[in-house]
$ cat input-v8.txt   # compact mmCIF, C-alpha atoms and all ligand atoms
# COMPACT_ATOMS: atom_id res chain seq x y z
CA MET S 155 -8.97 -41.92 -33.29
CA PHE S 156 -9.83 -38.25 -33.69
CA ARG S 157 -10.60 -36.64 -30.37
CA PHE S 158 -12.48 -33.98 -32.38
CA PHE S 159 -15.45 -36.33 -32.49
CA SER S 160 -15.81 -36.56 -28.72
CA TYR S 161 -19.04 -35.29 -27.22
CA ASP S 162 -17.27 -32.45 -25.39
CA THR S 163 -15.58 -31.06 -28.45
CA LEU S 164 -18.73 -31.27 -30.52
CA THR S 165 -20.52 -29.41 -27.74
CA LEU S 166 -17.77 -26.81 -27.81
CA PHE S 167 -18.14 -26.53 -31.57
CA PHE S 168 -21.86 -25.80 -31.36
CA LEU S 169 -21.32 -23.49 -28.40
CA LEU S 170 -18.90 -21.51 -30.55
CA LEU S 171 -21.44 -21.41 -33.32
CA SER S 172 -24.20 -20.18 -31.08
CA SER S 173 -22.28 -17.92 -28.71
CA SER S 174 -20.22 -16.07 -31.30
CA SER S 175 -23.14 -14.55 -33.15
CA SER S 176 -21.05 -11.47 -33.85
CA VAL S 177 -18.56 -13.55 -35.82
CA PHE S 178 -20.77 -14.62 -38.66
CA PRO S 179 -22.42 -11.35 -39.59
CA ALA S 180 -18.90 -9.90 -39.69
CA ILE S 181 -17.88 -12.49 -42.24
CA ALA S 182 -21.10 -12.13 -44.18
CA THR S 183 -20.46 -8.42 -44.51
CA ARG S 184 -17.20 -9.04 -46.31
CA SER S 185 -18.09 -11.84 -48.69
CA PRO S 186 -21.85 -12.21 -48.72
CA PRO S 187 -23.10 -15.59 -49.93
CA ASN S 188 -26.18 -13.81 -51.17
CA PRO S 189 -25.72 -10.05 -51.33
CA LEU S 190 -29.30 -9.48 -52.38
CA THR S 191 -30.65 -11.14 -49.27
CA GLU S 192 -28.21 -9.46 -46.94
CA LEU S 193 -28.81 -5.99 -48.30
CA THR S 194 -32.54 -6.55 -48.11
CA VAL S 195 -32.59 -8.00 -44.63
CA ASP S 196 -29.88 -6.01 -42.90
CA ILE S 197 -30.62 -2.52 -43.98
CA GLN S 198 -34.37 -2.52 -43.51
CA ASN S 199 -34.54 0.71 -45.42
CA GLU S 200 -38.06 1.43 -46.51
CA THR S 201 -37.15 4.55 -48.45
CA TRP S 202 -34.34 3.30 -50.71
CA HIS S 203 -35.14 -0.40 -50.50
CA SER S 204 -36.00 -0.74 -54.20
CA PHE S 205 -32.52 0.37 -55.34
CA ILE S 206 -31.37 -3.20 -54.73
CA ARG S 207 -32.38 -4.03 -58.32
CA PHE S 208 -29.50 -1.90 -59.63
CA LEU S 209 -26.85 -4.08 -57.97
CA ASP S 210 -23.92 -4.79 -60.34
CA ALA S 211 -25.21 -2.42 -63.03
CA GLY S 212 -22.47 -0.69 -65.01
CA LYS S 213 -22.03 1.74 -67.88
CA GLY S 214 -24.27 0.97 -70.85
CA SER S 215 -26.85 -0.99 -68.88
CA HIS S 216 -30.49 0.01 -68.99
CA VAL S 217 -32.54 -0.87 -65.92
CA THR S 218 -36.12 0.22 -65.46
CA GLY S 219 -36.29 2.81 -62.69
CA MET S 220 -32.62 3.90 -62.94
CA ALA S 221 -33.97 7.46 -63.25
CA GLU S 222 -34.98 7.24 -59.58
CA LEU S 223 -31.40 6.46 -58.60
CA LYS S 224 -30.25 9.42 -60.69
CA LYS S 225 -32.66 11.61 -58.70
CA TYR S 226 -31.00 10.32 -55.52
CA PHE S 227 -27.62 11.33 -56.95
CA GLN S 228 -29.05 14.71 -57.92
CA ARG S 229 -30.49 15.21 -54.45
CA PHE S 230 -27.11 14.67 -52.78
CA GLY S 231 -25.22 16.87 -55.22
CA TYR S 232 -23.75 14.53 -57.82
CA LEU S 233 -25.92 15.24 -60.87
CA SER S 234 -27.62 18.37 -62.15
CA PHE S 235 -31.14 18.29 -63.53
CA PRO S 236 -31.10 17.44 -67.26
CA GLU S 237 -33.03 19.51 -69.80
CA ASN S 238 -35.46 16.62 -70.14
CA ASN S 239 -36.16 14.07 -67.43
CA PHE S 240 -33.57 11.56 -66.24
CA THR S 241 -33.44 8.37 -68.35
CA ASP S 242 -32.99 4.78 -67.18
CA LEU S 243 -29.67 4.45 -69.05
CA PHE S 244 -26.42 4.06 -67.08
CA ASP S 245 -24.66 6.70 -69.20
CA HIS S 246 -21.29 8.43 -69.09
CA GLU S 247 -22.60 11.29 -66.96
CA PHE S 248 -23.98 8.89 -64.37
CA GLU S 249 -20.70 6.98 -64.32
CA SER S 250 -18.82 10.24 -63.59
CA ALA S 251 -21.28 11.02 -60.79
CA LEU S 252 -20.80 7.54 -59.38
CA PHE S 253 -17.00 7.93 -59.41
CA MET S 254 -17.36 11.18 -57.46
CA TYR S 255 -19.81 9.58 -55.02
CA GLN S 256 -17.48 6.62 -54.41
CA LYS S 257 -14.56 8.98 -53.79
CA ASN S 258 -16.55 11.16 -51.38
CA LEU S 259 -17.89 8.18 -49.46
CA GLY S 260 -14.48 6.50 -49.09
CA LEU S 261 -15.41 3.60 -51.40
CA SER S 262 -13.36 1.86 -54.11
CA THR S 263 -13.78 3.96 -57.25
CA THR S 264 -15.04 1.19 -59.53
CA GLY S 265 -17.63 3.24 -61.45
CA LYS S 266 -20.05 0.33 -60.95
CA LEU S 267 -22.97 -0.22 -58.60
CA ASP S 268 -21.04 -2.93 -56.77
CA TYR S 269 -22.04 -4.47 -53.46
CA ASP S 270 -20.14 -2.05 -51.18
CA THR S 271 -21.47 0.96 -53.09
CA MET S 272 -25.07 -0.26 -53.02
CA LYS S 273 -24.81 -0.93 -49.31
CA VAL S 274 -23.82 2.69 -48.66
CA ILE S 275 -26.37 4.11 -51.12
CA MET S 276 -29.17 2.21 -49.37
CA SER S 277 -28.03 3.08 -45.86
CA PRO S 278 -29.89 5.75 -43.91
CA ARG S 279 -28.05 9.04 -44.10
CA CYS S 280 -28.00 12.76 -43.44
CA GLY S 281 -30.01 14.92 -45.81
CA VAL S 282 -27.27 17.51 -46.29
CA SER S 283 -25.77 17.42 -49.80
CA ASP S 284 -22.25 16.03 -50.23
CA THR S 285 -21.09 18.57 -52.77
CA THR S 286 -18.39 20.65 -51.20
CA THR S 287 -14.83 21.43 -52.00
CA PRO S 288 -12.29 19.60 -49.82
CA HIS S 289 -10.44 22.07 -47.61
CA ASN S 290 -7.01 20.89 -48.63
CA LEU S 291 -5.32 18.28 -50.72
CA HIS S 292 -3.42 16.57 -47.92
CA ALA S 293 -4.08 12.87 -48.32
CA THR S 294 -4.90 12.21 -44.67
CA LYS S 295 -7.47 14.99 -44.26
CA HIS S 296 -10.92 14.48 -45.64
CA TYR S 297 -13.08 16.98 -43.81
CA ALA S 298 -14.82 19.64 -45.87
CA TYR S 299 -16.71 22.90 -45.46
CA PHE S 300 -19.74 24.47 -47.05
CA TYR S 301 -19.23 26.83 -49.95
CA GLY S 302 -17.57 30.02 -48.70
CA GLU S 303 -16.52 28.32 -45.45
CA PRO S 304 -19.20 30.02 -43.30
CA ARG S 305 -18.70 29.99 -39.52
CA TRP S 306 -20.28 31.64 -36.50
CA THR S 307 -18.72 35.05 -35.96
CA LYS S 308 -19.88 36.05 -32.49
CA SER S 309 -17.30 37.73 -30.32
CA SER S 310 -15.08 35.71 -28.02
CA PRO S 311 -15.76 33.92 -25.72
CA MET S 312 -18.31 32.55 -28.13
CA ILE S 313 -21.53 31.21 -26.64
CA LEU S 314 -24.22 29.72 -28.87
CA SER S 315 -27.68 29.15 -27.44
CA TYR S 316 -29.94 26.29 -28.47
CA ALA S 317 -33.57 25.43 -27.86
CA PHE S 318 -36.13 22.79 -28.76
CA SER S 319 -39.25 23.66 -30.70
CA PRO S 320 -42.13 23.24 -28.22
CA ALA S 321 -44.48 22.40 -31.09
CA ASN S 322 -42.18 19.93 -32.87
CA ILE S 323 -40.97 17.42 -30.34
CA ILE S 324 -41.43 13.65 -29.96
CA ASP S 325 -43.31 12.31 -26.95
CA TYR S 326 -42.08 8.70 -26.61
CA ILE S 327 -38.70 9.84 -25.22
CA SER S 328 -38.82 12.11 -22.17
CA LEU S 329 -37.77 15.70 -22.74
CA SER S 330 -35.16 15.36 -20.02
CA ASP S 331 -33.60 12.36 -21.82
CA ILE S 332 -33.58 14.30 -25.10
CA LYS S 333 -31.93 17.25 -23.36
CA THR S 334 -29.31 15.00 -21.74
CA VAL S 335 -28.41 13.49 -25.12
CA PHE S 336 -28.05 16.92 -26.75
CA ARG S 337 -26.05 18.28 -23.80
CA ARG S 338 -23.54 15.45 -24.27
CA ALA S 339 -23.45 15.94 -28.06
CA PHE S 340 -22.79 19.70 -27.73
CA SER S 341 -20.14 19.11 -25.06
CA ARG S 342 -18.11 16.88 -27.40
CA TRP S 343 -17.70 19.78 -29.81
CA SER S 344 -17.16 22.42 -27.10
CA SER S 345 -14.37 20.30 -25.60
CA VAL S 346 -12.27 20.78 -28.75
CA ILE S 347 -13.07 24.39 -29.79
CA PRO S 348 -13.44 27.63 -27.77
CA VAL S 349 -17.22 27.68 -28.23
CA ASN S 350 -19.75 27.03 -25.48
CA PHE S 351 -23.35 25.97 -25.90
CA THR S 352 -26.14 26.85 -23.54
CA GLU S 353 -29.80 25.91 -23.53
CA ALA S 354 -32.04 28.94 -24.01
CA GLY S 355 -35.45 29.36 -22.45
CA ASP S 356 -36.82 31.21 -25.47
CA TYR S 357 -36.99 29.17 -28.67
CA SER S 358 -37.56 32.07 -31.04
CA SER S 359 -34.37 33.90 -30.10
CA ALA S 360 -32.06 30.85 -29.80
CA ASP S 361 -29.10 30.61 -32.18
CA ILE S 362 -29.72 26.90 -32.81
CA LYS S 363 -33.34 25.82 -33.26
CA ILE S 364 -33.93 22.08 -32.90
CA GLY S 365 -37.13 20.29 -33.89
CA PHE S 366 -38.62 17.02 -35.12
CA TYR S 367 -40.58 17.35 -38.38
CA LYS S 368 -42.52 15.06 -40.69
CA GLY S 369 -42.50 15.20 -44.50
CA ASP S 370 -42.62 18.62 -46.10
CA HIS S 371 -41.98 21.14 -43.34
CA GLY S 372 -41.47 24.31 -45.30
CA ASP S 373 -37.73 24.52 -45.96
CA GLY S 374 -37.66 22.77 -49.34
CA GLU S 375 -36.07 19.63 -47.85
CA ALA S 376 -39.02 17.33 -47.16
CA PHE S 377 -38.35 14.30 -44.97
CA ASP S 378 -39.09 10.88 -46.45
CA GLY S 379 -40.51 8.62 -43.75
CA VAL S 380 -38.82 5.69 -42.02
CA LEU S 381 -35.03 5.64 -42.52
CA GLY S 382 -33.72 7.16 -45.77
CA VAL S 383 -32.88 10.72 -44.74
CA LEU S 384 -32.63 10.96 -40.95
CA ALA S 385 -31.99 14.65 -40.32
CA HIS S 386 -30.48 17.81 -41.75
CA ALA S 387 -29.04 21.04 -40.43
CA PHE S 388 -28.16 24.33 -42.05
CA SER S 389 -24.74 25.93 -42.31
CA PRO S 390 -23.70 28.97 -40.17
CA GLU S 391 -25.19 31.24 -39.10
CA ASN S 392 -28.59 29.79 -39.83
CA GLY S 393 -28.92 27.42 -36.88
CA ARG S 394 -31.89 25.34 -38.07
CA PHE S 395 -31.50 21.71 -36.97
CA HIS S 396 -34.26 19.32 -38.11
CA LEU S 397 -34.79 15.62 -37.33
CA ASP S 398 -37.19 13.34 -39.21
CA ALA S 399 -40.08 12.70 -36.80
CA ALA S 400 -40.92 9.50 -38.71
CA GLU S 401 -37.79 7.73 -37.39
CA THR S 402 -37.81 5.52 -34.33
CA TRP S 403 -35.38 7.60 -32.31
CA ALA S 404 -33.54 5.84 -29.50
CA VAL S 405 -31.53 6.97 -26.49
CA ASP S 406 -31.02 3.40 -25.24
CA PHE S 407 -31.02 0.35 -27.53
CA THR S 408 -31.71 -2.00 -24.62
CA ALA S 409 -35.06 -0.25 -24.16
CA GLU S 410 -35.83 0.39 -27.85
CA LYS S 411 -35.87 -2.92 -29.73
CA SER S 412 -36.95 -1.75 -33.20
CA LYS S 413 -34.64 -2.89 -36.02
CA ALA S 414 -35.06 0.55 -37.56
CA ALA S 415 -34.15 2.43 -34.36
CA VAL S 416 -31.72 5.30 -34.89
CA ASP S 417 -29.40 6.60 -32.18
CA LEU S 418 -30.41 10.18 -31.39
CA GLU S 419 -27.06 11.12 -29.85
CA SER S 420 -25.08 9.97 -32.91
CA VAL S 421 -27.26 12.00 -35.27
CA ALA S 422 -27.25 15.01 -32.93
CA THR S 423 -23.44 14.98 -32.80
CA HIS S 424 -23.24 14.79 -36.61
CA GLU S 425 -25.75 17.59 -37.23
CA ILE S 426 -24.05 19.91 -34.73
CA GLY S 427 -20.98 19.55 -36.96
CA HIS S 428 -23.06 21.03 -39.81
CA VAL S 429 -24.44 23.78 -37.57
CA LEU S 430 -20.79 24.73 -36.85
CA GLY S 431 -19.82 24.73 -40.54
CA LEU S 432 -18.45 21.27 -41.30
CA ALA S 433 -19.65 19.46 -44.41
CA HIS S 434 -19.36 15.72 -45.00
CA SER S 435 -16.15 13.77 -44.63
CA SER S 436 -15.06 10.75 -46.67
CA VAL S 437 -13.51 9.16 -43.55
CA LYS S 438 -15.84 6.28 -42.68
CA ASN S 439 -15.34 6.39 -38.93
CA ALA S 440 -15.57 10.20 -38.70
CA ILE S 441 -18.65 11.75 -37.14
CA MET S 442 -19.09 13.81 -40.32
CA TYR S 443 -19.39 10.73 -42.60
CA PRO S 444 -22.89 11.05 -44.10
CA SER S 445 -24.44 7.62 -43.45
CA LEU S 446 -25.35 5.81 -40.24
CA SER S 447 -26.82 2.31 -39.99
CA PRO S 448 -29.80 1.66 -37.75
CA ARG S 449 -28.99 0.51 -34.19
CA THR S 450 -25.51 2.01 -34.41
CA LYS S 451 -23.95 4.36 -31.89
CA LYS S 452 -21.20 6.62 -33.21
CA VAL S 453 -20.61 9.59 -30.97
CA ASP S 454 -16.86 10.11 -30.53
CA LEU S 455 -15.16 12.84 -32.55
CA LYS S 456 -12.33 11.51 -34.64
CA ILE S 457 -9.12 13.33 -35.57
CA ASP S 458 -10.60 14.30 -38.95
CA ASP S 459 -13.61 15.97 -37.24
CA VAL S 460 -11.42 17.78 -34.74
CA GLU S 461 -8.97 19.06 -37.33
CA GLY S 462 -11.84 20.30 -39.47
CA VAL S 463 -13.65 22.21 -36.74
CA GLN S 464 -10.46 23.58 -35.18
CA ALA S 465 -9.44 25.03 -38.54
CA LEU S 466 -12.64 27.10 -38.33
CA TYR S 467 -12.65 28.11 -34.65
CA GLY S 468 -9.22 27.34 -33.22
CA SER S 469 -8.55 24.96 -30.37
CA ASN S 470 -10.09 24.88 -26.91
CA PRO S 471 -7.13 25.74 -24.61
CA ASN S 472 -7.98 22.69 -22.49
CA PHE S 473 -8.02 20.33 -25.45
CA SER S 474 -5.30 17.70 -25.50
CA TYR S 475 -4.44 16.10 -28.81
CA ASN S 476 -2.78 13.23 -27.00
CA SER S 477 -5.95 12.21 -25.19
CA LEU S 478 -7.86 12.25 -28.49
CA LEU S 479 -5.14 10.20 -30.16
CA GLU S 480 -5.21 7.74 -27.28
CA SER S 481 -8.99 7.36 -27.43
CA ASN S 482 -8.90 6.98 -31.24
CA ILE S 483 -6.10 4.43 -31.01
CA SER S 484 -7.70 2.49 -28.16
CA SER S 485 -10.97 2.21 -30.09
CA SER S 486 -8.98 1.02 -33.13
CA TRP S 487 -7.13 -1.52 -31.01
CA GLY S 488 -10.44 -2.66 -29.56
CA PHE S 489 -11.67 -3.26 -33.10
CA ILE S 490 -8.49 -5.09 -34.08
CA ALA S 491 -8.69 -7.24 -30.94
CA MET S 492 -12.29 -8.12 -31.75
CA GLU S 493 -11.37 -8.97 -35.36
CA ARG S 494 -8.52 -11.16 -34.12
CA ARG S 495 -10.82 -13.01 -31.71
CA ASN S 496 -13.29 -13.54 -34.54
CA ALA S 497 -10.52 -14.84 -36.81
CA ILE S 498 -9.43 -17.36 -34.17
CA LEU S 499 -12.99 -18.62 -33.72
CA VAL S 500 -13.42 -18.96 -37.48
CA LEU S 501 -10.16 -20.90 -37.70
CA ILE S 502 -11.40 -23.33 -35.05
CA VAL S 503 -14.65 -23.82 -36.94
CA ILE S 504 -12.76 -24.47 -40.21
CA ILE S 505 -10.57 -27.08 -38.49
CA PHE S 506 -13.68 -28.79 -37.13
CA SER S 507 -15.30 -28.73 -40.55
CA LEU S 508 -12.24 -30.32 -42.16
CA CYS S 509 -12.12 -33.06 -39.55
CA LEU S 510 -15.82 -33.81 -39.86
ZN ZN S 601 -24.64 15.41 -42.61
ZN ZN S 602 -35.84 20.93 -42.49

$ encode --input "input-v8.txt" --output "structure tokens" --more "lines below"
Ligand SMILES: [Zn+2]
Ligand SMILES: [Zn+2]
Amino acid sequence: MFRFFSYDTLTLFFLLLSSSSSVFPAIATRSPPNPLTELTVDIQNETWHSFIRFLDAGKGSHVTGMAELKKYFQRFGYLSFPENNFTDLFDHEFESALFMYQKNLGLSTTGKLDYDTMKVIMSPRCGVSDTTTPHNLHATKHYAYFYGEPRWTKSSPMILSYAFSPANIIDYISLSDIKTVFRRAFSRWSSVIPVNFTEAGDYSSADIKIGFYKGDHGDGEAFDGVLGVLAHAFSPENGRFHLDAAETWAVDFTAEKSKAAVDLESVATHEIGHVLGLAHSSVKNAIMYPSLSPRTKKVDLKIDDVEGVQALYGSNPNFSYNSLLESNISSSWGFIAMERRNAILVLIVIIFSLCL
């Protein structure tokens, strides 16, 4: 007689099902039983939600509204405005743009609007364009700079001041919590380069001017409401750093339950990279990767980020590459350990299923 059918083991089976909630979304992400549903439900992206209808479109297909997706590609630097308006045809030019997008975002270069590509396209992201020239051709380095490689040129020791716009701030997070988050975000960058950041009392004279803005706010880069574009910042030595006031910003996900909540510290750390002169990276776990899912915290600089910013400013004398490597490796090992645990649980479930 199979002991698998005993009450205890069945209880264990259902306990595994209910307690390992992290297991099943992880599987669903890889081979979705219904990609349409998952993309719709998981991403909760009001702004680019309708792009789901282009899933699996390829060259030669004609889908009503494809022109809107072409505008998205134009906005982020992959297509130039045509002489006439964009058409709804998936043409050769769009395919080339898609290849470039997939390469820049670290995706498989299929030239099709496959599941993985659509998931990234529909994810909330930074408003800064992706079009930059990679700094070098070394296969393991993917960081990039803005055109002309601008950087701050103040004399050494370099100190950059920052301030928050008194008129453009959110009120549902305390100012002291916002300041704490930004202090931590700035300190991550100052720990790797010989640049210090200090909060200025006077907003108008600060090097870096931070504010929360809604919609069109006068710099030609209108924000788009909930999710979609989250923030943008200008290259050196401009210093403007804008966050979309329409987002549900969070400093603590246990307190902020919204499915569309965006981690302020993660976005702050990313935008500071732009303020310093880094463009977007194709390394998915790098801070300078352009997209960030809701309710996700991603605040640690990765080797790609550090190499990129140190090539502009040099290294902080106190910076230790070994400690960065260790923290990068330990987070990778943590991920592998979690994946392994998930795999074991899945195996147990499969064995149960076979026996039942
Ligand atoms: Zn960005
Ligand atoms: Zn702006």

$ atom_distance --input "input-v8.txt" --atom1 "atom CA of Thr241 of chain S" --atom2 "atom CA of Gly369 of chain S"
26.4 Å

$ closest_atom_pairs --input "input-v8.txt" --of "chain S" --to "ligand ZN 601 (chain S)" --cutoff "7 Å" --atoms "all atoms listed in the file" --output "tab-separated table"
residue	atom	partner	partner_atom	distance
S:Cys280	CA	S:ZN601	ZN	4.4
S:Gly281	CA	S:ZN601	ZN	6.3
S:Val282	CA	S:ZN601	ZN	5.0
S:His386	CA	S:ZN601	ZN	6.4
S:His424	CA	S:ZN601	ZN	6.2
S:Glu425	CA	S:ZN601	ZN	5.9
S:His428	CA	S:ZN601	ZN	6.5
S:Ala433	CA	S:ZN601	ZN	6.7
S:His434	CA	S:ZN601	ZN	5.8
S:Met442	CA	S:ZN601	ZN	6.2
S:Pro444	CA	S:ZN601	ZN	4.9

$ closest_atom_pairs --input "input-v8.txt" --of "segment 202-315 of chain S" --to "segment 467-476 of chain S" --cutoff "10 Å" --atoms "all atoms listed in the file" --output "tab-separated table"
residue	atom	partner	partner_atom	distance
S:Arg305	CA	S:Tyr467	CA	8.0
S:Trp306	CA	S:Tyr467	CA	8.6
S:Thr307	CA	S:Tyr467	CA	9.3
S:Met312	CA	S:Tyr467	CA	9.7

$ write_last_selection --input "input-v8.txt" --atoms "C-alpha atoms" --output "PDB file, keeping the file's coordinate frame"
ATOM      1  CA  ARG S 305     -18.700  29.990 -39.520  1.00  0.00           C
ATOM      2  CA  TRP S 306     -20.280  31.640 -36.500  1.00  0.00           C
ATOM      3  CA  THR S 307     -18.720  35.050 -35.960  1.00  0.00           C
ATOM      4  CA  MET S 312     -18.310  32.550 -28.130  1.00  0.00           C
TER       5      MET S 312
END

$ closest_atom_pairs --input "input-v8.txt" --of "chain S" --to "ligand ZN 602 (chain S)" --cutoff "10 Å" --atoms "all atoms listed in the file" --output "tab-separated table"
residue	atom	partner	partner_atom	distance
S:Gly281	CA	S:ZN602	ZN	9.0
S:Val282	CA	S:ZN602	ZN	10.0
S:Ile364	CA	S:ZN602	ZN	9.8
S:Gly365	CA	S:ZN602	ZN	8.7
S:Phe366	CA	S:ZN602	ZN	8.8
S:Tyr367	CA	S:ZN602	ZN	7.2
S:Lys368	CA	S:ZN602	ZN	9.1
S:Gly369	CA	S:ZN602	ZN	9.0
S:Asp370	CA	S:ZN602	ZN	8.0
S:His371	CA	S:ZN602	ZN	6.2
S:Gly372	CA	S:ZN602	ZN	7.1
S:Asp373	CA	S:ZN602	ZN	5.3
S:Gly374	CA	S:ZN602	ZN	7.3
S:Glu375	CA	S:ZN602	ZN	5.5
S:Ala376	CA	S:ZN602	ZN	6.7
S:Phe377	CA	S:ZN602	ZN	7.5
S:Ala385	CA	S:ZN602	ZN	7.7
S:His386	CA	S:ZN602	ZN	6.2
S:Ala387	CA	S:ZN602	ZN	7.1
S:Phe388	CA	S:ZN602	ZN	8.4
S:Arg394	CA	S:ZN602	ZN	7.4
S:Phe395	CA	S:ZN602	ZN	7.1
S:His396	CA	S:ZN602	ZN	4.9
S:Leu397	CA	S:ZN602	ZN	7.5
S:Asp398	CA	S:ZN602	ZN	8.4

$ closest_residue --input "input-v8.txt" --among "S:Pro311, S:Gly382, S:Pro304, S:Gly231" --to "Asn350 of chain S" --atoms "all atoms listed in the file"
S:Pro311

$ closest_residue --input "input-v8.txt" --among "S:Ser341, S:Gly212, S:Ala221, S:Leu432" --to "Leu252 of chain S" --atoms "all atoms listed in the file"
S:Gly212
